[in-house]
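This is protein20.txt. It holds compact mmCIF, C-alpha atoms.
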```
# COMPACT_ATOMS: atom_id res chain seq x y z
CA MET A 1 -53.22 -107.00 -0.93
CA LYS A 2 -54.69 -103.50 -0.72
CA VAL A 3 -57.04 -102.98 2.25
CA GLU A 4 -59.03 -100.68 -0.03
CA ALA A 5 -60.14 -103.76 -2.01
CA PHE A 6 -62.44 -104.71 0.89
CA ASP A 7 -64.28 -101.39 0.97
CA PHE A 8 -67.95 -100.89 0.07
CA HIS A 9 -70.62 -98.24 0.53
CA LEU A 10 -72.84 -98.81 3.57
CA PRO A 11 -75.78 -96.48 4.19
CA GLU A 12 -75.83 -95.54 7.86
CA HIS A 13 -79.49 -96.49 8.34
CA LEU A 14 -78.62 -100.17 7.72
CA ILE A 15 -76.48 -100.36 10.87
CA ALA A 16 -78.67 -102.22 13.36
CA GLN A 17 -78.81 -100.29 16.64
CA THR A 18 -81.12 -102.66 18.52
CA PRO A 19 -81.76 -106.40 18.50
CA LEU A 20 -84.94 -107.88 17.07
CA SER A 21 -87.39 -109.06 19.72
CA ASN A 22 -87.16 -112.62 18.37
CA ARG A 23 -83.59 -113.85 17.93
CA ALA A 24 -84.46 -116.09 14.99
CA ALA A 25 -86.55 -113.46 13.17
CA SER A 26 -83.58 -112.10 11.23
CA ARG A 27 -83.01 -112.68 7.55
CA LEU A 28 -80.54 -115.13 6.03
CA MET A 29 -78.65 -114.63 2.79
CA VAL A 30 -77.39 -117.92 1.36
CA VAL A 31 -74.25 -117.69 -0.77
CA ASP A 32 -73.49 -120.83 -2.79
CA ARG A 33 -69.81 -120.82 -3.69
CA ALA A 34 -70.05 -123.66 -6.23
CA SER A 35 -72.73 -122.00 -8.35
CA ALA A 36 -71.87 -118.40 -7.39
CA THR A 37 -75.57 -117.81 -6.66
CA ILE A 38 -77.21 -115.80 -3.91
CA SER A 39 -80.66 -116.35 -2.39
CA HIS A 40 -82.66 -114.59 0.31
CA ASN A 41 -84.33 -116.44 3.19
CA SER A 42 -85.40 -116.20 6.82
CA PHE A 43 -82.90 -117.31 9.44
CA VAL A 44 -85.07 -120.23 10.56
CA ASP A 45 -84.60 -121.61 7.02
CA VAL A 46 -81.06 -122.52 8.06
CA LEU A 47 -82.63 -125.86 9.04
CA GLU A 48 -83.05 -126.69 5.36
CA HIS A 49 -79.30 -126.41 4.82
CA LEU A 50 -78.29 -128.77 7.64
CA SER A 51 -78.45 -132.56 7.62
CA ALA A 52 -77.61 -135.59 9.76
CA GLY A 53 -73.89 -136.01 10.25
CA ASP A 54 -73.15 -132.29 10.11
CA VAL A 55 -71.39 -130.69 13.07
CA LEU A 56 -72.44 -127.15 13.94
CA VAL A 57 -69.59 -125.56 15.90
CA VAL A 58 -70.47 -122.67 18.24
CA ASN A 59 -68.39 -120.39 20.45
CA ASP A 60 -69.57 -120.57 24.09
CA THR A 61 -67.68 -117.48 25.26
CA LYS A 62 -69.62 -115.18 27.57
CA VAL A 63 -69.30 -111.40 27.49
CA LEU A 64 -68.01 -109.91 30.73
CA PRO A 65 -69.56 -106.67 32.04
CA ALA A 66 -66.10 -105.41 31.20
CA ARG A 67 -66.71 -101.66 30.80
CA LEU A 68 -65.84 -99.79 33.98
CA ILE A 69 -66.19 -96.02 34.43
CA GLY A 70 -64.46 -94.45 37.42
CA LYS A 71 -62.55 -91.45 38.74
CA LYS A 72 -58.81 -90.92 38.92
CA THR A 73 -58.24 -90.26 42.61
CA SER A 74 -55.59 -87.54 42.19
CA THR A 75 -57.55 -85.32 39.77
CA ASP A 76 -61.15 -86.62 39.77
CA ALA A 77 -60.87 -87.10 35.98
CA THR A 78 -63.33 -89.60 34.51
CA ILE A 79 -61.57 -92.72 33.23
CA GLU A 80 -63.04 -95.65 31.32
CA LEU A 81 -61.42 -99.09 31.32
CA LEU A 82 -62.45 -101.93 29.02
CA LEU A 83 -61.12 -105.23 30.35
CA LEU A 84 -59.57 -107.35 27.59
CA HIS A 85 -57.93 -110.32 29.31
CA GLU A 86 -56.27 -111.25 32.59
CA VAL A 87 -52.47 -111.02 32.39
CA HIS A 88 -51.96 -112.62 35.80
CA GLN A 89 -53.83 -112.73 39.11
CA ASP A 90 -55.96 -109.54 39.39
CA THR A 91 -53.96 -107.71 36.71
CA TRP A 92 -55.77 -107.16 33.43
CA SER A 93 -54.88 -105.79 30.03
CA CYS A 94 -57.37 -102.97 29.43
CA LEU A 95 -58.26 -100.43 26.81
CA ALA A 96 -58.13 -97.07 28.64
CA LYS A 97 -59.85 -93.83 27.68
CA PRO A 98 -58.47 -91.18 27.82
CA VAL A 99 -55.09 -92.87 28.26
CA ARG A 100 -53.28 -89.51 28.15
CA ARG A 101 -54.57 -88.75 31.67
CA LEU A 102 -52.92 -91.85 33.13
CA GLN A 103 -49.45 -92.57 34.43
CA VAL A 104 -47.94 -95.67 35.95
CA GLY A 105 -49.15 -95.61 39.56
CA SER A 106 -52.40 -93.78 38.81
CA VAL A 107 -55.28 -95.03 40.96
CA ILE A 108 -58.84 -95.20 39.62
CA ARG A 109 -61.80 -95.81 41.90
CA PHE A 110 -65.05 -97.40 40.76
CA GLY A 111 -67.23 -96.82 43.81
CA GLU A 112 -66.36 -98.17 47.25
CA ALA A 113 -65.91 -101.82 46.30
CA LEU A 114 -63.33 -101.61 43.52
CA SER A 115 -60.21 -99.69 42.56
CA ALA A 116 -57.36 -100.18 40.10
CA THR A 117 -53.72 -99.14 39.97
CA ILE A 118 -52.10 -98.63 36.57
CA ALA A 119 -49.13 -101.01 36.43
CA ALA A 120 -47.99 -100.38 32.84
CA ILE A 121 -48.89 -98.25 29.84
CA GLN A 122 -48.47 -99.80 26.40
CA ALA A 123 -49.19 -98.66 22.86
CA ASP A 124 -52.57 -97.89 21.30
CA GLY A 125 -54.34 -96.96 24.54
CA VAL A 126 -53.73 -100.32 26.22
CA VAL A 127 -52.73 -100.42 29.89
CA GLU A 128 -52.21 -103.06 32.54
CA ALA A 129 -54.32 -102.42 35.63
CA THR A 130 -54.13 -104.24 38.96
CA PHE A 131 -57.53 -104.42 40.67
CA HIS A 132 -58.18 -104.20 44.42
CA TYR A 133 -61.44 -105.49 45.88
CA GLU A 134 -62.99 -107.74 48.51
CA GLY A 135 -64.81 -110.96 47.69
CA VAL A 136 -65.09 -112.52 44.22
CA PHE A 137 -63.87 -110.34 41.35
CA LEU A 138 -66.49 -111.47 38.82
CA GLU A 139 -69.27 -110.73 41.32
CA VAL A 140 -67.87 -107.24 41.92
CA LEU A 141 -67.62 -106.76 38.16
CA GLU A 142 -71.24 -107.85 37.71
CA SER A 143 -72.37 -105.18 40.17
CA LEU A 144 -70.27 -102.30 38.78
CA GLY A 145 -69.50 -103.03 35.15
CA GLN A 146 -71.45 -102.54 31.95
CA VAL A 147 -71.69 -104.79 28.90
CA PRO A 148 -69.22 -103.29 26.38
CA LEU A 149 -71.37 -102.76 23.30
CA PRO A 150 -69.68 -101.90 19.98
CA PRO A 151 -69.06 -98.15 19.47
CA TYR A 152 -71.72 -97.81 16.74
CA ILE A 153 -74.44 -98.81 19.25
CA LYS A 154 -75.21 -95.63 21.15
CA GLU A 155 -77.40 -96.80 24.05
CA GLN A 156 -77.12 -99.48 26.72
CA LEU A 157 -79.51 -102.41 26.30
CA SER A 158 -82.54 -102.72 28.56
CA ASP A 159 -81.76 -106.46 28.65
CA PRO A 160 -77.97 -107.06 28.67
CA ASN A 161 -78.56 -110.78 28.05
CA ARG A 162 -79.63 -109.90 24.52
CA TYR A 163 -75.91 -109.38 23.82
CA GLN A 164 -75.18 -112.96 24.93
CA THR A 165 -75.74 -116.15 22.96
CA VAL A 166 -78.19 -118.62 24.53
CA TYR A 167 -75.28 -121.06 24.96
CA ALA A 168 -72.80 -118.56 26.49
CA LYS A 169 -70.96 -120.18 29.40
CA ALA A 170 -67.23 -119.40 29.53
CA ALA A 171 -66.86 -115.85 30.89
CA GLY A 172 -64.03 -113.86 29.35
CA SER A 173 -65.06 -111.94 26.22
CA ALA A 174 -65.00 -108.21 25.57
CA ALA A 175 -67.58 -108.68 22.78
CA ALA A 176 -70.16 -111.25 21.72
CA PRO A 177 -69.64 -113.80 18.93
CA THR A 178 -72.54 -112.17 17.15
CA ALA A 179 -73.38 -114.83 14.55
CA GLY A 180 -74.62 -116.92 17.46
CA LEU A 181 -77.13 -114.28 18.58
CA HIS A 182 -79.63 -115.57 16.00
CA PHE A 183 -80.03 -118.97 17.64
CA THR A 184 -82.79 -119.78 20.13
CA THR A 185 -82.92 -122.85 22.36
CA GLU A 186 -85.92 -124.01 20.30
CA LEU A 187 -84.05 -123.70 17.00
CA LEU A 188 -81.05 -125.53 18.45
CA SER A 189 -83.36 -128.36 19.55
CA GLN A 190 -84.77 -128.58 16.03
CA ILE A 191 -81.24 -128.70 14.63
CA LYS A 192 -80.30 -131.55 16.97
CA ALA A 193 -83.49 -133.41 16.01
CA LYS A 194 -82.21 -133.51 12.41
CA GLY A 195 -79.17 -135.47 13.57
CA VAL A 196 -76.82 -132.49 13.60
CA VAL A 197 -74.21 -132.52 16.35
CA ILE A 198 -73.57 -129.21 18.14
CA ALA A 199 -69.98 -128.85 19.32
CA THR A 200 -68.70 -125.99 21.46
CA ILE A 201 -65.30 -124.32 21.38
CA THR A 202 -64.19 -121.15 23.17
CA LEU A 203 -62.54 -118.03 21.83
CA HIS A 204 -62.57 -114.94 24.02
CA VAL A 205 -63.02 -111.92 21.76
CA GLY A 206 -60.47 -109.22 22.55
CA LEU A 207 -58.84 -106.06 21.25
CA GLY A 208 -58.92 -107.05 17.58
CA THR A 209 -62.66 -106.44 17.57
CA PHE A 210 -62.21 -102.79 18.60
CA ARG A 211 -59.22 -101.90 16.44
CA PRO A 212 -59.78 -100.69 12.86
CA ILE A 213 -57.16 -101.44 10.24
CA SER A 214 -54.86 -98.44 9.91
CA VAL A 215 -52.48 -99.70 7.19
CA ASP A 216 -52.79 -99.77 3.41
CA GLU A 217 -51.62 -103.37 2.82
CA THR A 218 -53.04 -106.46 4.53
CA ASP A 219 -49.49 -107.81 5.03
CA ASP A 220 -48.72 -104.86 7.31
CA HIS A 221 -51.62 -105.47 9.72
CA THR A 222 -50.89 -107.18 13.06
CA MET A 223 -53.65 -109.17 14.75
CA HIS A 224 -53.94 -108.98 18.54
CA SER A 225 -53.95 -112.33 20.32
CA GLU A 226 -57.16 -113.95 21.60
CA PHE A 227 -57.38 -116.98 23.88
CA TYR A 228 -58.97 -120.14 22.45
CA HIS A 229 -59.75 -123.64 23.69
CA VAL A 230 -60.82 -126.77 21.81
CA SER A 231 -61.98 -129.55 24.13
CA GLU A 232 -61.51 -133.27 23.59
CA ALA A 233 -65.27 -133.67 23.02
CA ALA A 234 -65.33 -130.94 20.37
CA ALA A 235 -62.27 -132.33 18.59
CA LEU A 236 -63.80 -135.82 18.49
CA ALA A 237 -67.09 -134.50 17.08
CA ILE A 238 -65.27 -132.52 14.38
CA GLN A 239 -63.13 -135.53 13.45
CA GLN A 240 -66.31 -137.52 12.80
CA ALA A 241 -68.21 -134.76 10.98
CA LYS A 242 -69.65 -135.12 7.51
CA ARG A 243 -69.42 -131.33 7.23
CA VAL A 244 -68.19 -128.70 9.66
CA ILE A 245 -70.37 -125.59 9.82
CA ALA A 246 -68.81 -122.74 11.80
CA VAL A 247 -71.12 -120.30 13.57
CA GLY A 248 -69.13 -117.10 13.31
CA THR A 249 -65.68 -115.93 12.36
CA THR A 250 -64.39 -116.63 15.89
CA VAL A 251 -65.06 -120.35 15.35
CA VAL A 252 -63.27 -120.19 11.99
CA ARG A 253 -60.23 -118.55 13.57
CA THR A 254 -60.14 -121.11 16.37
CA LEU A 255 -60.44 -124.19 14.17
CA GLU A 256 -58.07 -122.93 11.50
CA THR A 257 -55.55 -121.85 14.16
CA MET A 258 -55.70 -125.42 15.49
CA TRP A 259 -55.17 -126.81 11.99
CA SER A 260 -52.35 -124.43 11.06
CA LEU A 261 -50.44 -125.36 14.22
CA HIS A 262 -51.08 -129.12 14.34
CA GLN A 263 -52.20 -130.10 10.81
CA THR A 264 -54.92 -132.18 12.44
CA VAL A 265 -58.04 -131.85 14.58
CA THR A 266 -56.93 -132.18 18.18
CA PRO A 267 -57.73 -130.83 21.66
CA CYS A 268 -55.68 -127.69 22.23
CA GLN A 269 -55.61 -124.21 23.68
CA GLY A 270 -53.50 -121.11 23.33
CA TRP A 271 -53.48 -117.60 21.88
CA SER A 272 -54.53 -117.04 18.28
CA THR A 273 -53.02 -114.30 16.13
CA LEU A 274 -54.23 -115.86 12.88
CA PHE A 275 -55.06 -113.29 10.18
CA ILE A 276 -57.04 -114.84 7.34
CA THR A 277 -56.76 -113.09 3.97
CA PRO A 278 -57.39 -114.22 0.37
CA GLY A 279 -55.17 -117.14 -0.56
CA PHE A 280 -55.53 -118.79 2.86
CA GLU A 281 -56.04 -122.58 2.66
CA PHE A 282 -58.82 -123.74 4.97
CA GLY A 283 -58.26 -127.12 6.60
CA VAL A 284 -61.36 -127.69 8.75
CA VAL A 285 -64.36 -125.44 8.07
CA ASP A 286 -66.73 -126.41 5.24
CA GLN A 287 -69.47 -123.79 5.69
CA LEU A 288 -69.84 -120.54 7.60
CA ILE A 289 -72.73 -118.70 9.23
CA THR A 290 -71.80 -115.07 9.84
CA ASN A 291 -73.17 -111.56 10.16
CA PHE A 292 -72.49 -108.65 7.79
CA HIS A 293 -69.26 -106.88 8.64
CA LEU A 294 -67.58 -103.50 8.55
CA PRO A 295 -65.95 -102.28 5.33
CA LYS A 296 -62.17 -102.83 5.25
CA SER A 297 -62.29 -105.00 8.39
CA THR A 298 -60.38 -108.19 9.17
CA LEU A 299 -63.76 -109.98 9.23
CA MET A 300 -64.62 -108.77 5.73
CA MET A 301 -61.24 -110.17 4.65
CA LEU A 302 -61.99 -113.51 6.30
CA VAL A 303 -65.34 -114.02 4.58
CA SER A 304 -63.82 -112.91 1.26
CA SER A 305 -61.12 -115.55 1.76
CA PHE A 306 -63.70 -118.23 2.52
CA SER A 307 -65.68 -117.46 -0.64
CA SER A 308 -64.03 -115.00 -3.02
CA LEU A 309 -63.70 -111.24 -3.08
CA PRO A 310 -65.87 -110.79 -6.22
CA LEU A 311 -68.62 -113.01 -4.77
CA MET A 312 -68.56 -111.14 -1.45
CA LYS A 313 -68.71 -107.79 -3.21
CA GLU A 314 -71.82 -108.99 -5.05
CA ALA A 315 -73.32 -110.41 -1.84
CA TYR A 316 -72.75 -107.16 0.05
CA ALA A 317 -74.13 -105.11 -2.86
CA GLN A 318 -77.28 -107.24 -2.73
CA ALA A 319 -77.41 -106.90 1.06
CA VAL A 320 -77.43 -103.10 0.72
CA ALA A 321 -79.98 -103.20 -2.11
CA HIS A 322 -82.30 -105.48 -0.10
CA GLU A 323 -81.69 -103.43 3.08
CA TYR A 324 -80.27 -106.16 5.26
CA ARG A 325 -79.39 -105.13 8.82
CA PHE A 326 -75.62 -104.91 9.39
CA PHE A 327 -73.18 -105.72 12.24
CA SER A 328 -73.81 -107.15 15.72
CA PHE A 329 -77.61 -107.02 15.77
CA GLY A 330 -77.96 -107.43 12.03
CA ASP A 331 -78.98 -110.21 9.68
CA ALA A 332 -76.98 -113.31 8.78
CA MET A 333 -75.27 -114.97 5.85
CA LEU A 334 -74.64 -118.67 5.17
CA ILE A 335 -71.66 -119.30 2.92
CA LYS A 336 -71.89 -122.87 1.64
```
For the structure just supplied, provide its representation as structure tokens.
Amino acid sequence: MKVEAFDFHLPEHLIAQTPLSNRAASRLMVVDRASATISHNSFVDVLEHLSAGDVLVVNDTKVLPARLIGKKTSTDATIELLLLHEVHQDTWSCLAKPVRRLQVGSVIRFGEALSATIAAIQADGVVEATFHYEGVFLEVLESLGQVPLPPYIKEQLSDPNRYQTVYAKAAGSAAAPTAGLHFTTELLSQIKAKGVVIATITLHVGLGTFRPISVDETDDHTMHSEFYHVSEAAALAIQQAKRVIAVGTTVVRTLETMWSLHQTVTPCQGWSTLFITPGFEFGVVDQLITNFHLPKSTLMMLVSSFSSLPLMKEAYAQAVAHEYRFFSFGDAMLIK
């Protein structure tokens, strides 16, 4: 299918640069697939669409302060590394900028407590870097690294926790599962009080989030792998669910990867390269809560697959007309 089919006009002023002060104060568009109708609500109204026996599945990944800026020791050139995932002990796959200034063996220093040696250079600006430090790596990273905000957000946050979900626990992501940013602990308590079960899975968001599609046909696009884990408790809850509501596209990819590999709901873990495009048959997810996505992105393709391309085009046209906030700190959509 042509990538161009998933394009739409997005006025730049609708790209949300900062989070709202209240997580749950965002707006919620509700897209009903059965009736092909669209309504406009507040995010807290999501309670009205949940009922006892539902299972709300969230992604508990936690964003690492994975953006490191240092100096190449031989030339004093400024180098930025974005940690993607650990390849093996202390060696990480990283997005490097500018990669043209690096060679295998290059050493980058990030202050006195941390340095890295380039062990391999791959395609598309990705390198493998072996880190040298004393103490606990995550603690060193916390002291020296920055939260890697998406490129369309120009300034660092005054409160980095605003780019974490309130249930973030499993450190390892290069980006937040942003549909979950709307939930507060109070709203989650209200959801549980309705008899809704909240199940957690993990998918660590990686390079796919930062790579635009550069081909003309969806069949020619290759997804980068992302680590996922479905626990025994989560699998059991999903097996018993009346309806499965996924909070975010990362949850959809995890659960549908599980289903495509095992044809059942089961505890599992591995690396997902699943690319969901129109025609995909969903085996687990019944409803989806998601943010508004980039034109011609893999996420736009996923939501169009879950509903339909014509319905998503109408939904996004209404989102622009009603001036919804787009992307990470934007408003939300419930596809039911």
Place a sphere of radius 8 Å on (-65.3, -118.9, 26.6) in the file coordinates and name every protein, DNA or RNA residue with an atom inside or on its surface, counting only C-alpha atoms; give the answer as a PyMOL selection string. chain A and resi 59-62+168-173+201-204+228-229
May I have the residues from that selection written out with C-alpha atoms, as a short mmCIF file (atom, residue, chain, number, x, y, z; two decimals), in the coordinates of the input?
```cif
data_model
loop_
_atom_site.label_atom_id
_atom_site.label_comp_id
_atom_site.auth_asym_id
_atom_site.auth_seq_id
_atom_site.Cartn_x
_atom_site.Cartn_y
_atom_site.Cartn_z
CA ASN A 59 -68.39 -120.39 20.45
CA ASP A 60 -69.57 -120.57 24.09
CA THR A 61 -67.68 -117.48 25.26
CA LYS A 62 -69.62 -115.18 27.57
CA ALA A 168 -72.80 -118.56 26.49
CA LYS A 169 -70.96 -120.18 29.40
CA ALA A 170 -67.23 -119.40 29.53
CA ALA A 171 -66.86 -115.85 30.89
CA GLY A 172 -64.03 -113.86 29.35
CA SER A 173 -65.06 -111.94 26.22
CA ILE A 201 -65.30 -124.32 21.38
CA THR A 202 -64.19 -121.15 23.17
CA LEU A 203 -62.54 -118.03 21.83
CA HIS A 204 -62.57 -114.94 24.02
CA TYR A 228 -58.97 -120.14 22.45
CA HIS A 229 -59.75 -123.64 23.69
#
```
Which of A:Met258, A:Val147, A:Ile79, A:Val247 sits closest to Phe183 of chain A [using all atoms listed in the file]: A:Val247
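Interatomic distance, atom CA of Arg325 of chain A against atom CA of Ser158 of chain A: 20.1 Å.
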May I have the protein, DNA and RNA residues with an atom at most 7 Å from (-64.6, -94.6, 40.8), counting all atoms listed in the file in the file's coordinates, returned as a PyMOL selection string? chain A and resi 69-71+108-111+115
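Distance-wise, atom CA of Gly279 of chain A and atom CA of Leu309 of chain A end up 10.7 Å apart.
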Neighbour list for Val140 of chain A as number ranges by chain, cut-off 12 Å, only C-alpha atoms, skip fewer than 3 positions in-chain: A: 64-66, 68, 110-115, 131-137, 143-146
